[in-house]
>>> print(open('model.csv').read())   # CSV, C-alpha atoms and all ligand atoms
chain,number,residue,atom,x,y,z
A,1,MET,CA,-134.8,70.5,95.2
A,2,ALA,CA,-134.0,74.2,95.5
A,3,SER,CA,-136.7,76.6,96.6
A,4,ALA,CA,-137.9,79.5,94.5
A,5,ALA,CA,-136.1,81.9,96.8
A,6,GLU,CA,-132.8,80.0,96.4
A,7,GLU,CA,-133.2,80.1,92.6
A,8,LEU,CA,-133.8,83.8,92.8
A,9,VAL,CA,-130.7,84.3,94.9
A,10,VAL,CA,-128.6,82.4,92.3
A,11,GLU,CA,-130.1,84.4,89.5
A,12,ILE,CA,-129.4,87.7,91.4
A,13,GLY,CA,-125.8,86.5,91.8
A,14,SER,CA,-125.4,85.8,88.1
A,15,LEU,CA,-126.9,89.3,87.3
A,16,ALA,CA,-124.4,90.9,89.6
A,17,ALA,CA,-121.5,89.2,87.9
A,18,CYS,CA,-120.9,91.9,85.4
A,19,ASP,CA,-117.6,92.9,83.7
A,20,PRO,CA,-118.0,96.2,81.8
A,21,SER,CA,-114.4,96.4,80.6
A,22,SER,CA,-115.5,95.8,77.0
A,23,ILE,CA,-117.7,99.0,77.2
A,24,VAL,CA,-115.8,101.8,75.5
A,25,SER,CA,-118.2,104.7,75.4
A,26,LEU,CA,-120.3,106.6,78.0
A,27,GLU,CA,-123.3,106.1,75.8
A,28,GLU,CA,-123.0,102.3,75.8
A,29,LEU,CA,-122.3,102.4,79.6
A,30,GLY,CA,-125.6,104.3,80.1
A,31,LYS,CA,-127.5,101.7,78.3
A,32,LEU,CA,-125.9,98.9,80.3
A,33,GLU,CA,-126.8,100.7,83.6
A,34,ASP,CA,-130.4,101.0,82.4
A,35,THR,CA,-130.5,97.3,81.5
A,36,LEU,CA,-129.0,96.2,84.8
A,37,LEU,CA,-130.4,98.7,87.3
A,38,GLY,CA,-133.2,100.6,85.5
A,39,LYS,CA,-136.9,100.4,86.3
A,40,ARG,CA,-137.4,97.7,83.6
A,41,SER,CA,-134.4,95.7,84.7
A,42,ARG,CA,-134.6,92.1,85.9
A,43,LEU,CA,-133.4,93.2,89.4
A,44,SER,CA,-136.3,95.7,89.6
A,45,GLU,CA,-138.8,93.0,88.6
A,46,ILE,CA,-137.5,90.8,91.4
A,47,LYS,CA,-137.7,93.7,93.8
A,48,GLN,CA,-141.3,94.3,92.9
A,49,ALA,CA,-142.0,90.6,93.4
A,50,LEU,CA,-140.4,90.5,96.8
A,51,GLY,CA,-143.8,91.3,98.5
A,52,SER,CA,-145.3,88.0,97.2
A,53,LEU,CA,-142.6,85.9,98.9
A,54,PRO,CA,-143.0,84.4,102.3
A,55,PRO,CA,-141.4,86.7,105.0
A,56,GLU,CA,-138.5,84.4,105.8
A,57,GLU,CA,-137.5,84.1,102.1
A,58,ARG,CA,-138.1,87.8,101.5
A,59,LYS,CA,-135.3,88.6,103.8
A,60,SER,CA,-132.6,86.5,102.1
A,61,VAL,CA,-133.7,87.5,98.6
A,62,GLY,CA,-133.9,91.2,99.6
A,63,LYS,CA,-130.4,91.0,101.1
A,64,ALA,CA,-129.0,89.4,97.9
A,65,LEU,CA,-130.8,92.1,95.9
A,66,ASN,CA,-129.3,95.0,97.9
A,67,GLU,CA,-125.8,93.5,97.7
A,68,ALA,CA,-126.2,92.9,93.9
A,69,ARG,CA,-127.3,96.5,93.3
A,70,MET,CA,-124.5,97.9,95.4
A,71,SER,CA,-121.9,95.8,93.8
A,72,LEU,CA,-123.2,96.6,90.3
A,73,SER,CA,-123.4,100.3,91.1
A,74,ASP,CA,-119.7,100.2,92.2
A,75,ILE,CA,-118.5,98.3,89.2
A,76,LEU,CA,-120.4,100.6,86.7
A,77,ALA,CA,-119.3,103.8,88.6
A,78,ALA,CA,-115.7,102.7,88.4
A,79,ARG,CA,-116.0,102.1,84.6
A,80,ARG,CA,-117.8,105.5,84.3
A,81,CYS,CA,-114.8,107.1,86.0
A,82,VAL,CA,-112.4,105.5,83.6
A,83,LEU,CA,-114.4,106.5,80.5
A,84,GLU,CA,-115.0,110.1,81.7
A,85,ASP,CA,-111.3,110.5,82.3
A,86,GLU,CA,-110.5,109.3,78.8
A,87,GLU,CA,-113.1,111.7,77.4
A,88,VAL,CA,-111.6,114.7,79.2
A,89,ARG,CA,-108.1,113.7,77.9
A,90,ARG,CA,-109.5,113.4,74.4
A,91,VAL,CA,-111.2,116.8,74.5
A,92,LEU,CA,-108.1,118.5,76.0
A,93,SER,CA,-105.8,117.0,73.4
A,94,SER,CA,-108.1,118.0,70.5
A,95,GLU,CA,-108.3,121.6,71.9
A,96,ARG,CA,-104.7,121.9,72.8
A,97,MET,CA,-103.0,125.1,71.6
A,98,ASP,CA,-99.4,124.7,70.6
A,99,LEU,CA,-97.9,128.1,71.4
A,100,THR,CA,-94.6,127.2,69.8
A,101,GLU,CA,-96.3,126.2,66.5
A,102,VAL,CA,-95.5,128.6,63.6
A,103,LEU,CA,-98.2,128.7,60.9
A,104,GLY,CA,-97.0,129.9,57.5
A,105,THR,CA,-94.1,132.4,57.2
A,106,PRO,CA,-93.4,134.2,60.5
A,107,GLN,CA,-94.0,137.9,60.4
A,108,VAL,CA,-90.6,139.6,60.8
A,109,GLY,CA,-90.0,143.3,60.9
A,110,HIS,CA,-87.5,145.1,58.7
A,111,LEU,CA,-85.2,148.2,58.8
A,112,ASN,CA,-86.9,151.5,58.7
A,113,LEU,CA,-86.7,153.3,55.3
A,114,VAL,CA,-84.1,155.8,56.7
A,115,SER,CA,-81.8,153.0,57.9
A,116,GLN,CA,-82.2,151.2,54.5
A,117,THR,CA,-81.3,154.5,52.8
A,118,ARG,CA,-78.2,154.9,55.1
A,119,ASP,CA,-77.1,151.4,54.2
A,120,GLN,CA,-77.6,152.0,50.4
A,121,LEU,CA,-75.7,155.3,50.6
A,122,GLU,CA,-72.9,153.6,52.5
A,123,ASP,CA,-72.7,151.0,49.7
A,124,VAL,CA,-72.6,153.7,47.0
A,125,PHE,CA,-69.8,155.5,48.7
A,126,ALA,CA,-67.9,152.3,49.6
A,127,GLY,CA,-68.0,151.5,45.9
A,128,MET,CA,-66.3,154.9,45.3
A,129,GLY,CA,-63.5,154.1,47.7
A,130,PHE,CA,-64.8,155.8,50.9
A,131,SER,CA,-64.7,154.3,54.4
A,132,VAL,CA,-67.5,154.7,56.9
A,133,ALA,CA,-67.0,156.5,60.3
A,134,GLU,CA,-69.2,157.6,63.2
A,135,GLY,CA,-69.1,160.2,65.9
A,136,PRO,CA,-71.0,161.1,69.1
A,137,GLU,CA,-74.5,162.7,69.1
A,138,ALA,CA,-73.8,164.7,72.2
A,139,GLU,CA,-71.0,167.1,71.3
A,140,THR,CA,-68.9,169.9,72.7
A,141,ASP,CA,-69.3,173.4,71.4
A,142,TRP,CA,-65.7,173.2,70.0
A,143,PHE,CA,-66.4,170.2,67.7
A,144,ASN,CA,-69.9,171.3,66.6
A,145,PHE,CA,-69.0,175.0,66.0
A,146,GLU,CA,-65.6,176.4,67.0
A,147,ALA,CA,-63.3,174.0,65.2
A,148,LEU,CA,-65.6,174.5,62.2
A,149,ASN,CA,-64.6,178.1,62.1
A,150,ILE,CA,-67.8,179.3,63.9
A,151,PRO,CA,-66.5,181.1,67.0
A,152,PRO,CA,-68.9,182.1,69.8
A,153,ASP,CA,-71.2,185.0,68.8
A,154,HIS,CA,-70.5,184.4,65.1
A,155,PRO,CA,-73.8,185.2,63.3
A,156,ALA,CA,-73.6,181.9,61.3
A,157,ARG,CA,-74.6,180.1,64.5
A,158,SER,CA,-78.1,181.1,63.7
A,159,MET,CA,-78.0,178.8,60.7
A,160,TRP,CA,-78.3,175.9,63.2
A,161,ASP,CA,-81.1,176.2,65.8
A,162,THR,CA,-79.3,174.4,68.6
A,163,LEU,CA,-80.6,172.2,71.5
A,164,PHE,CA,-78.2,172.8,74.4
A,165,LEU,CA,-77.5,170.3,77.2
A,166,ASP,CA,-77.4,171.1,80.9
A,167,VAL,CA,-73.7,170.6,81.0
A,168,PRO,CA,-72.1,173.9,80.0
A,169,GLY,CA,-70.4,173.9,76.6
A,170,THR,CA,-72.3,170.8,75.4
A,171,LEU,CA,-75.1,170.3,72.9
A,172,MET,CA,-76.9,167.8,70.7
A,173,ARG,CA,-75.0,168.0,67.4
A,174,THR,CA,-76.8,170.1,64.8
A,175,HIS,CA,-75.1,168.4,61.8
A,176,THR,CA,-72.6,165.6,61.1
A,177,SER,CA,-69.8,168.1,60.3
A,178,PRO,CA,-68.2,167.6,63.8
A,179,VAL,CA,-67.3,164.1,62.8
A,180,GLN,CA,-65.0,165.6,60.2
A,181,ILE,CA,-63.2,167.3,63.0
A,182,HIS,CA,-62.9,164.0,65.0
A,183,LEU,CA,-61.5,162.2,61.9
A,184,MET,CA,-59.0,165.0,61.2
A,185,VAL,CA,-57.8,165.2,64.8
A,186,GLU,CA,-57.8,161.4,65.5
A,187,GLN,CA,-56.7,160.0,62.1
A,188,GLY,CA,-55.1,162.7,60.0
A,189,PRO,CA,-54.8,162.8,56.2
A,190,PRO,CA,-55.2,161.2,53.8
A,191,ILE,CA,-58.9,160.8,54.5
A,192,TYR,CA,-61.7,159.4,52.2
A,193,ALA,CA,-64.7,158.9,54.5
A,194,VAL,CA,-68.5,159.2,54.8
A,195,MET,CA,-70.1,159.7,58.2
A,196,PRO,CA,-73.8,159.0,58.6
A,197,GLY,CA,-75.7,159.8,61.8
A,198,ARG,CA,-78.6,161.4,63.7
A,199,THR,CA,-78.7,165.1,64.1
A,200,TYR,CA,-80.9,167.5,66.2
A,201,ARG,CA,-82.3,171.0,65.7
A,202,ARG,CA,-84.8,173.1,67.5
A,203,GLU,CA,-87.1,173.1,64.4
A,204,THR,CA,-90.8,172.9,63.7
A,205,PRO,CA,-91.4,169.8,61.5
A,206,ASP,CA,-92.9,170.3,58.1
A,207,ALA,CA,-93.0,168.5,54.7
A,208,ARG,CA,-89.2,168.8,54.3
A,209,HIS,CA,-88.0,169.2,57.9
A,210,LEU,CA,-87.8,167.2,61.2
A,211,ALA,CA,-86.4,168.1,64.6
A,212,THR,CA,-84.5,164.9,64.8
A,213,PHE,CA,-83.2,163.9,61.4
A,214,HIS,CA,-80.1,162.3,59.7
A,215,GLN,CA,-77.3,163.5,57.6
A,216,ILE,CA,-74.4,161.8,55.9
A,217,GLU,CA,-71.2,163.8,55.9
A,218,GLY,CA,-68.4,163.3,53.4
A,219,LEU,CA,-64.7,164.3,53.8
A,220,VAL,CA,-61.8,163.9,51.5
A,221,VAL,CA,-58.4,165.3,52.5
A,222,ASP,CA,-55.4,164.6,50.3
A,223,ARG,CA,-52.7,166.3,48.3
A,224,SER,CA,-54.0,168.3,45.2
A,225,ILE,CA,-57.7,167.8,45.8
A,226,THR,CA,-59.8,170.4,43.8
A,227,PHE,CA,-63.3,171.6,43.4
A,228,ALA,CA,-63.6,169.4,40.2
A,229,ASP,CA,-63.1,166.4,42.5
A,230,LEU,CA,-66.0,167.5,44.6
A,231,ALA,CA,-68.3,168.2,41.7
A,232,GLY,CA,-67.4,164.8,40.1
A,233,THR,CA,-68.0,163.0,43.3
A,234,ILE,CA,-71.5,164.6,43.8
A,235,GLU,CA,-72.4,163.9,40.2
A,236,GLU,CA,-71.3,160.2,40.5
A,237,PHE,CA,-73.3,159.8,43.7
A,238,THR,CA,-76.4,161.4,42.3
A,239,THR,CA,-76.6,159.1,39.3
A,240,ALA,CA,-75.7,156.0,41.3
A,241,PHE,CA,-78.3,156.6,44.0
A,242,PHE,CA,-81.2,158.4,42.2
A,243,GLY,CA,-80.9,157.1,38.6
A,244,SER,CA,-80.5,159.0,35.4
A,245,ASP,CA,-83.9,160.9,35.6
A,246,ILE,CA,-82.7,163.0,38.5
A,247,HIS,CA,-80.2,165.9,37.8
A,248,SER,CA,-78.1,167.9,40.2
A,249,ARG,CA,-76.9,171.4,40.3
A,250,LEU,CA,-74.5,173.3,42.5
A,251,ARG,CA,-75.4,176.9,43.5
A,252,PRO,CA,-73.0,179.3,45.3
A,253,SER,CA,-73.7,179.3,49.0
A,254,TYR,CA,-72.0,180.0,52.3
A,255,PHE,CA,-70.8,177.8,55.1
A,256,PRO,CA,-68.1,179.0,57.6
A,257,PHE,CA,-66.1,175.8,57.3
A,258,THR,CA,-65.9,175.6,53.5
A,259,GLU,CA,-64.5,178.1,50.9
A,260,PRO,CA,-65.8,178.2,48.3
A,261,SER,CA,-69.2,176.8,49.4
A,262,ALA,CA,-72.1,175.5,47.4
A,263,GLU,CA,-75.6,174.2,47.9
A,264,PHE,CA,-76.3,170.9,46.2
A,265,GLU,CA,-79.8,170.6,44.7
A,266,ILE,CA,-81.5,167.8,42.8
A,267,THR,CA,-84.6,167.6,40.6
A,268,CYS,CA,-87.7,167.4,42.8
A,269,ALA,CA,-88.8,163.7,42.4
A,270,ILE,CA,-92.4,164.5,43.5
A,271,CYS,CA,-93.2,166.8,40.5
A,272,GLY,CA,-90.3,165.8,38.2
A,273,GLY,CA,-89.2,169.4,38.2
A,274,ALA,CA,-92.5,171.0,37.3
A,275,GLY,CA,-92.9,172.6,40.8
A,276,CYS,CA,-95.1,171.5,43.7
A,277,ARG,CA,-95.8,172.2,47.4
A,278,THR,CA,-92.9,170.0,48.6
A,279,CYS,CA,-90.3,171.9,46.6
A,280,SER,CA,-92.0,175.3,47.2
A,281,HIS,CA,-92.8,175.4,43.4
A,282,THR,CA,-89.1,175.7,42.4
A,283,GLY,CA,-88.7,172.2,40.8
A,284,TRP,CA,-85.5,171.7,42.9
A,285,ILE,CA,-84.9,170.2,46.3
A,286,GLU,CA,-81.9,171.1,48.4
A,287,LEU,CA,-80.1,168.0,49.4
A,288,GLY,CA,-77.1,169.3,51.2
A,289,GLY,CA,-74.2,171.7,51.4
A,290,CYS,CA,-70.6,171.3,50.2
A,291,GLY,CA,-67.3,173.0,49.5
A,292,MET,CA,-63.6,173.0,49.8
A,293,VAL,CA,-62.3,172.7,53.4
A,294,ASP,CA,-61.6,176.2,54.8
A,295,PRO,CA,-57.9,176.6,55.7
A,296,ALA,CA,-59.1,177.9,59.1
A,297,VAL,CA,-60.5,174.4,59.8
A,298,PHE,CA,-57.2,172.8,58.9
A,299,ASP,CA,-55.5,175.2,61.3
A,300,ALA,CA,-57.8,174.3,64.1
A,301,VAL,CA,-57.0,170.6,63.8
A,302,GLY,CA,-53.3,171.0,63.1
A,303,ILE,CA,-53.2,170.0,59.4
A,304,ASP,CA,-50.9,172.1,57.1
A,305,PRO,CA,-53.2,173.8,54.5
A,306,GLU,CA,-50.1,174.4,52.3
A,307,GLU,CA,-49.6,170.7,52.0
A,308,TRP,CA,-53.1,169.3,52.1
A,309,SER,CA,-56.4,170.3,50.6
A,310,GLY,CA,-59.8,168.7,50.7
A,311,PHE,CA,-63.5,168.9,50.2
A,312,ALA,CA,-66.5,168.2,52.4
A,313,PHE,CA,-70.2,167.7,51.9
A,314,GLY,CA,-73.3,167.0,54.1
A,315,PHE,CA,-76.7,165.7,52.9
A,316,GLY,CA,-80.0,165.0,54.5
A,317,LEU,CA,-80.5,161.2,54.7
A,318,ASP,CA,-84.2,161.6,55.4
A,319,ARG,CA,-84.5,163.9,52.4
A,320,CYS,CA,-82.6,161.4,50.2
A,321,ALA,CA,-85.2,158.7,51.2
A,322,GLN,CA,-88.0,161.2,50.6
A,323,MET,CA,-86.8,162.0,47.1
A,324,ARG,CA,-85.9,158.5,46.1
A,325,HIS,CA,-89.4,157.2,47.0
A,326,SER,CA,-91.4,160.4,46.1
A,327,ILE,CA,-92.7,160.9,49.6
A,328,ALA,CA,-94.6,164.2,49.7
A,329,ASP,CA,-94.3,164.8,53.4
A,330,MET,CA,-91.2,163.8,55.4
A,331,ARG,CA,-93.2,163.5,58.7
A,332,VAL,CA,-94.6,160.1,57.7
A,333,LEU,CA,-91.0,158.7,58.1
A,334,ILE,CA,-91.5,159.0,61.9
A,335,SER,CA,-95.2,158.5,62.1
A,336,ASN,CA,-95.0,154.8,63.0
A,337,ASP,CA,-97.8,154.1,60.5
A,338,ILE,CA,-97.3,150.4,59.8
A,339,ARG,CA,-99.2,150.7,56.4
A,340,PHE,CA,-96.6,153.3,55.3
A,341,LEU,CA,-93.6,151.4,56.7
A,342,ARG,CA,-94.6,148.0,55.1
A,343,GLN,CA,-94.3,149.5,51.6
A,344,PHE,CA,-90.5,149.5,51.8
B,401,LIG,C1,-75.3,171.6,57.1
B,401,LIG,O1,-75.8,171.0,58.1
B,401,LIG,C2,-73.8,171.5,56.8
B,401,LIG,N1,-73.2,170.8,57.9
B,401,LIG,C3,-73.6,170.8,55.5
B,401,LIG,C4,-72.2,170.9,55.0
B,401,LIG,C5,-71.3,169.9,55.2
B,401,LIG,C6,-71.8,171.9,54.2
B,401,LIG,C7,-70.0,169.9,54.8
B,401,LIG,C8,-70.5,172.0,53.7
B,401,LIG,C9,-69.7,171.0,54.0
B,401,LIG,P1,-77.6,172.4,56.2
B,401,LIG,O2,-78.0,173.0,57.5
B,401,LIG,O3,-77.9,173.1,55.0
B,401,LIG,O4,-76.0,172.3,56.2
B,401,LIG,O5,-78.1,170.9,56.2
B,401,LIG,C10,-77.7,170.1,55.2
B,401,LIG,C11,-78.9,169.2,54.7
B,401,LIG,O6,-79.4,168.5,55.8
B,401,LIG,C12,-80.0,170.0,54.1
B,401,LIG,O7,-79.8,170.3,52.8
B,401,LIG,C13,-81.2,169.0,54.2
B,401,LIG,O8,-81.1,168.0,53.2
B,401,LIG,C14,-80.8,168.4,55.6
B,401,LIG,N2,-81.6,169.0,56.6
B,401,LIG,C15,-81.3,170.2,57.3
B,401,LIG,N3,-82.2,170.4,58.2
B,401,LIG,C16,-83.1,169.4,58.2
B,401,LIG,C17,-84.3,169.1,58.9
B,401,LIG,N4,-84.7,169.9,59.9
B,401,LIG,N5,-85.0,168.0,58.6
B,401,LIG,C18,-84.5,167.2,57.7
B,401,LIG,N6,-83.4,167.4,56.9
B,401,LIG,C19,-82.7,168.5,57.2
>>> encode(input="model.csv", output="structure tokens")
Amino acid sequence: MASAAEELVVEIGSLAACDPSSIVSLEELGKLEDTLLGKRSRLSEIKQALGSLPPEERKSVGKALNEARMSLSDILAARRCVLEDEEVRRVLSSERMDLTEVLGTPQVGHLNLVSQTRDQLEDVFAGMGFSVAEGPEAETDWFNFEALNIPPDHPARSMWDTLFLDVPGTLMRTHTSPVQIHLMVEQGPPIYAVMPGRTYRRETPDARHLATFHQIEGLVVDRSITFADLAGTIEEFTTAFFGSDIHSRLRPSYFPFTEPSAEFEITCAICGGAGCRTCSHTGWIELGGCGMVDPAVFDAVGIDPEEWSGFAFGFGLDRCAQMRHSIADMRVLISNDIRFLRQF
């Protein structure tokens, strides 16, 4: 018959035979640890009763107890490791941020109002049979002035406050008119073209002026072109671009490269023609200049003025945008104020 000590050793062995693989949460595992190893566990009870055993039995039961506790601690710690690892993975996956994920419609930018206006003007003129050309922004004095019948020391140079470059004889173009010269030299007549681009002047910005702004130039050179063709083209463009509420008028003016020359004005869209600060209380806004190509320009580029005639015009692109959208102060176009830009 087995002694009490031998029975205890068998019981201790059965208590130590634990398989916690069915435990799936750290909370459940904590409870099991308490049941098996806590102060009120059966193993603790046996430990407390060790003192009442005879010394020779105390040793074998004590040894079995220690081995059982160590084995259980190892088994439970291993299971704890697995469950803690699973918990970390679960938290990481629930908090994972997918940086490639796109929520809703992506925010994309759009063309600045001036670029949109350039595209719209190009469309209007393309519809009227014009092609689109471009030229350099850094120019030589010859293209920007001399070929346009503005020799050195000509008083008309003061019409364009010029930014000169360090290389002698070069400058930032003050208008898009030098592109007329490029086309006439490089292509020759007949020409039906518009030339949009950026222009530069040493100018203090105000409600109607910027130091870096944009113009669109127009040039027609063909046989028998008259001032009536110019007036008709401008009228056609005004209605197509601004709508029937905006009227245009030509007023006699002076440009060295056109003869006769005219200023092209449209109804101020800010006040509807009543007069306001933007139009200096005149009810009209100057959009550009125009006229018949001066024979001296044809001479400079080698085109026979007896055979060919033509007209040219140059408008402010920024001013077109300003009038089309009733913008009181042109400076907002370059202010980078996202609230303003988003409207268009
Ligand atoms: C010229 O620049 C001539 N090249 C126009 C021309 C072309 C005349 C072909 C005849 C034949 P003007 O300096 O007036 O002209 O400028 C033309 C237009 O550009 C102005 O009416 C205005 O709409 C715009 N503009 C001129 N300066 C500025 C500026 N600082 N800021 C914004 N727009 C401007």
>>> atom_distance(input="model.csv", atom1="atom CA of A:Arg79", atom2="atom CA of A:Ser44")
21.9 Å
>>> closest_atom_pairs(input="model.csv", of="chain A", to="ligand LIG 401 (chain B)", cutoff="8 Å", atoms="all atoms listed in the file", output="JSON lines")
{"residue": "A:Met159", "atom": "CA", "partner": "B:LIG401", "partner_atom": "O2", "distance": 6.6}
{"residue": "A:Trp160", "atom": "CA", "partner": "B:LIG401", "partner_atom": "O2", "distance": 6.4}
{"residue": "A:Thr174", "atom": "CA", "partner": "B:LIG401", "partner_atom": "O1", "distance": 6.8}
{"residue": "A:His175", "atom": "CA", "partner": "B:LIG401", "partner_atom": "O1", "distance": 4.6}
{"residue": "A:Thr176", "atom": "CA", "partner": "B:LIG401", "partner_atom": "N1", "distance": 6.1}
{"residue": "A:Ser177", "atom": "CA", "partner": "B:LIG401", "partner_atom": "N1", "distance": 5.0}
{"residue": "A:Tyr200", "atom": "CA", "partner": "B:LIG401", "partner_atom": "N4", "distance": 7.7}
{"residue": "A:Arg201", "atom": "CA", "partner": "B:LIG401", "partner_atom": "N4", "distance": 6.4}
{"residue": "A:Glu203", "atom": "CA", "partner": "B:LIG401", "partner_atom": "N4", "distance": 6.0}
{"residue": "A:Thr204", "atom": "CA", "partner": "B:LIG401", "partner_atom": "N4", "distance": 7.8}
{"residue": "A:Pro205", "atom": "CA", "partner": "B:LIG401", "partner_atom": "N4", "distance": 6.9}
{"residue": "A:Arg208", "atom": "CA", "partner": "B:LIG401", "partner_atom": "C18", "distance": 6.0}
{"residue": "A:His209", "atom": "CA", "partner": "B:LIG401", "partner_atom": "N5", "distance": 3.3}
{"residue": "A:Leu210", "atom": "CA", "partner": "B:LIG401", "partner_atom": "N5", "distance": 3.9}
{"residue": "A:Ala211", "atom": "CA", "partner": "B:LIG401", "partner_atom": "N4", "distance": 5.3}
{"residue": "A:Thr212", "atom": "CA", "partner": "B:LIG401", "partner_atom": "N5", "distance": 6.9}
{"residue": "A:Phe213", "atom": "CA", "partner": "B:LIG401", "partner_atom": "C18", "distance": 5.1}
{"residue": "A:His214", "atom": "CA", "partner": "B:LIG401", "partner_atom": "N6", "distance": 6.7}
{"residue": "A:Gln215", "atom": "CA", "partner": "B:LIG401", "partner_atom": "O6", "distance": 5.7}
{"residue": "A:Glu217", "atom": "CA", "partner": "B:LIG401", "partner_atom": "C5", "distance": 6.1}
{"residue": "A:Gly218", "atom": "CA", "partner": "B:LIG401", "partner_atom": "C7", "distance": 6.9}
{"residue": "A:Leu219", "atom": "CA", "partner": "B:LIG401", "partner_atom": "C7", "distance": 7.8}
{"residue": "A:Phe255", "atom": "CA", "partner": "B:LIG401", "partner_atom": "C8", "distance": 6.0}
{"residue": "A:Phe257", "atom": "CA", "partner": "B:LIG401", "partner_atom": "C8", "distance": 6.8}
{"residue": "A:Thr258", "atom": "CA", "partner": "B:LIG401", "partner_atom": "C8", "distance": 5.8}
{"residue": "A:Ser261", "atom": "CA", "partner": "B:LIG401", "partner_atom": "C8", "distance": 6.6}
{"residue": "A:Ala262", "atom": "CA", "partner": "B:LIG401", "partner_atom": "C8", "distance": 7.4}
{"residue": "A:Glu263", "atom": "CA", "partner": "B:LIG401", "partner_atom": "O7", "distance": 7.5}
{"residue": "A:Phe264", "atom": "CA", "partner": "B:LIG401", "partner_atom": "O7", "distance": 7.5}
{"residue": "A:Glu286", "atom": "CA", "partner": "B:LIG401", "partner_atom": "O7", "distance": 4.9}
{"residue": "A:Leu287", "atom": "CA", "partner": "B:LIG401", "partner_atom": "O8", "distance": 3.9}
{"residue": "A:Gly288", "atom": "CA", "partner": "B:LIG401", "partner_atom": "O7", "distance": 3.3}
{"residue": "A:Gly289", "atom": "CA", "partner": "B:LIG401", "partner_atom": "C6", "distance": 3.7}
{"residue": "A:Cys290", "atom": "CA", "partner": "B:LIG401", "partner_atom": "C8", "distance": 3.6}
{"residue": "A:Gly291", "atom": "CA", "partner": "B:LIG401", "partner_atom": "C8", "distance": 5.4}
{"residue": "A:Met292", "atom": "CA", "partner": "B:LIG401", "partner_atom": "C9", "distance": 7.7}
{"residue": "A:Val293", "atom": "CA", "partner": "B:LIG401", "partner_atom": "C9", "distance": 7.6}
{"residue": "A:Phe311", "atom": "CA", "partner": "B:LIG401", "partner_atom": "C9", "distance": 7.6}
{"residue": "A:Ala312", "atom": "CA", "partner": "B:LIG401", "partner_atom": "C9", "distance": 4.5}
{"residue": "A:Phe313", "atom": "CA", "partner": "B:LIG401", "partner_atom": "C7", "distance": 3.6}
{"residue": "A:Gly314", "atom": "CA", "partner": "B:LIG401", "partner_atom": "C5", "distance": 3.7}
{"residue": "A:Phe315", "atom": "CA", "partner": "B:LIG401", "partner_atom": "C11", "distance": 4.5}
{"residue": "A:Gly316", "atom": "CA", "partner": "B:LIG401", "partner_atom": "O8", "distance": 3.4}
{"residue": "A:Leu317", "atom": "CA", "partner": "B:LIG401", "partner_atom": "O8", "distance": 7.0}
{"residue": "A:Asp318", "atom": "CA", "partner": "B:LIG401", "partner_atom": "N6", "distance": 6.0}
{"residue": "A:Arg319", "atom": "CA", "partner": "B:LIG401", "partner_atom": "O8", "distance": 5.4}
{"residue": "A:Cys320", "atom": "CA", "partner": "B:LIG401", "partner_atom": "O8", "distance": 7.4}
{"residue": "A:Met330", "atom": "CA", "partner": "B:LIG401", "partner_atom": "C18", "distance": 7.9}
>>> atom_distance(input="model.csv", atom1="atom CA of A:Val332", atom2="atom CA of A:Met195")
24.5 Å
>>> atom_distance(input="model.csv", atom1="atom CA of A:Ala269", atom2="atom CA of A:Phe242")
9.3 Å
>>> residues_around(input="model.csv", residues="A:Arg69", least_positions_apart="4", cutoff="9 Å", atoms="all atoms listed in the file", output="PyMOL selection string")
chain A and resi 16+36-37+43+64-65+73-74
>>> residues_around(input="model.csv", residues="A:Thr238", least_positions_apart="5", cutoff="8 Å", atoms="only C-alpha atoms", output="mmCIF file with C-alpha atoms, in the coordinates of the input")
data_model
loop_
_atom_site.group_PDB
_atom_site.id
_atom_site.type_symbol
_atom_site.label_atom_id
_atom_site.label_comp_id
_atom_site.auth_asym_id
_atom_site.auth_seq_id
_atom_site.Cartn_x
_atom_site.Cartn_y
_atom_site.Cartn_z
ATOM 1 C CA GLY A 243 -80.900 157.100 38.600
ATOM 2 C CA ILE A 246 -82.700 163.000 38.500
ATOM 3 C CA HIS A 247 -80.200 165.900 37.800
ATOM 4 C CA SER A 248 -78.100 167.900 40.200
#
>>> residues_around(input="model.csv", residues="A:Ile225", least_positions_apart="6", cutoff="8 Å", atoms="only C-alpha atoms", output="MDAnalysis selection string")
chainID A and resid 308:311
>>> write_last_selection(input="model.csv", atoms="C-alpha atoms", output="mmCIF file, in the coordinates of the input")
data_model
loop_
_atom_site.group_PDB
_atom_site.id
_atom_site.type_symbol
_atom_site.label_atom_id
_atom_site.label_comp_id
_atom_site.auth_asym_id
_atom_site.auth_seq_id
_atom_site.Cartn_x
_atom_site.Cartn_y
_atom_site.Cartn_z
ATOM 1 C CA TRP A 308 -53.100 169.300 52.100
ATOM 2 C CA SER A 309 -56.400 170.300 50.600
ATOM 3 C CA GLY A 310 -59.800 168.700 50.700
ATOM 4 C CA PHE A 311 -63.500 168.900 50.200
#
>>> closest_residue(input="model.csv", among="A:Ala133, A:Ile327, A:Ile338, A:Cys18", to="A:Glu33", atoms="all atoms listed in the file")
A:Cys18
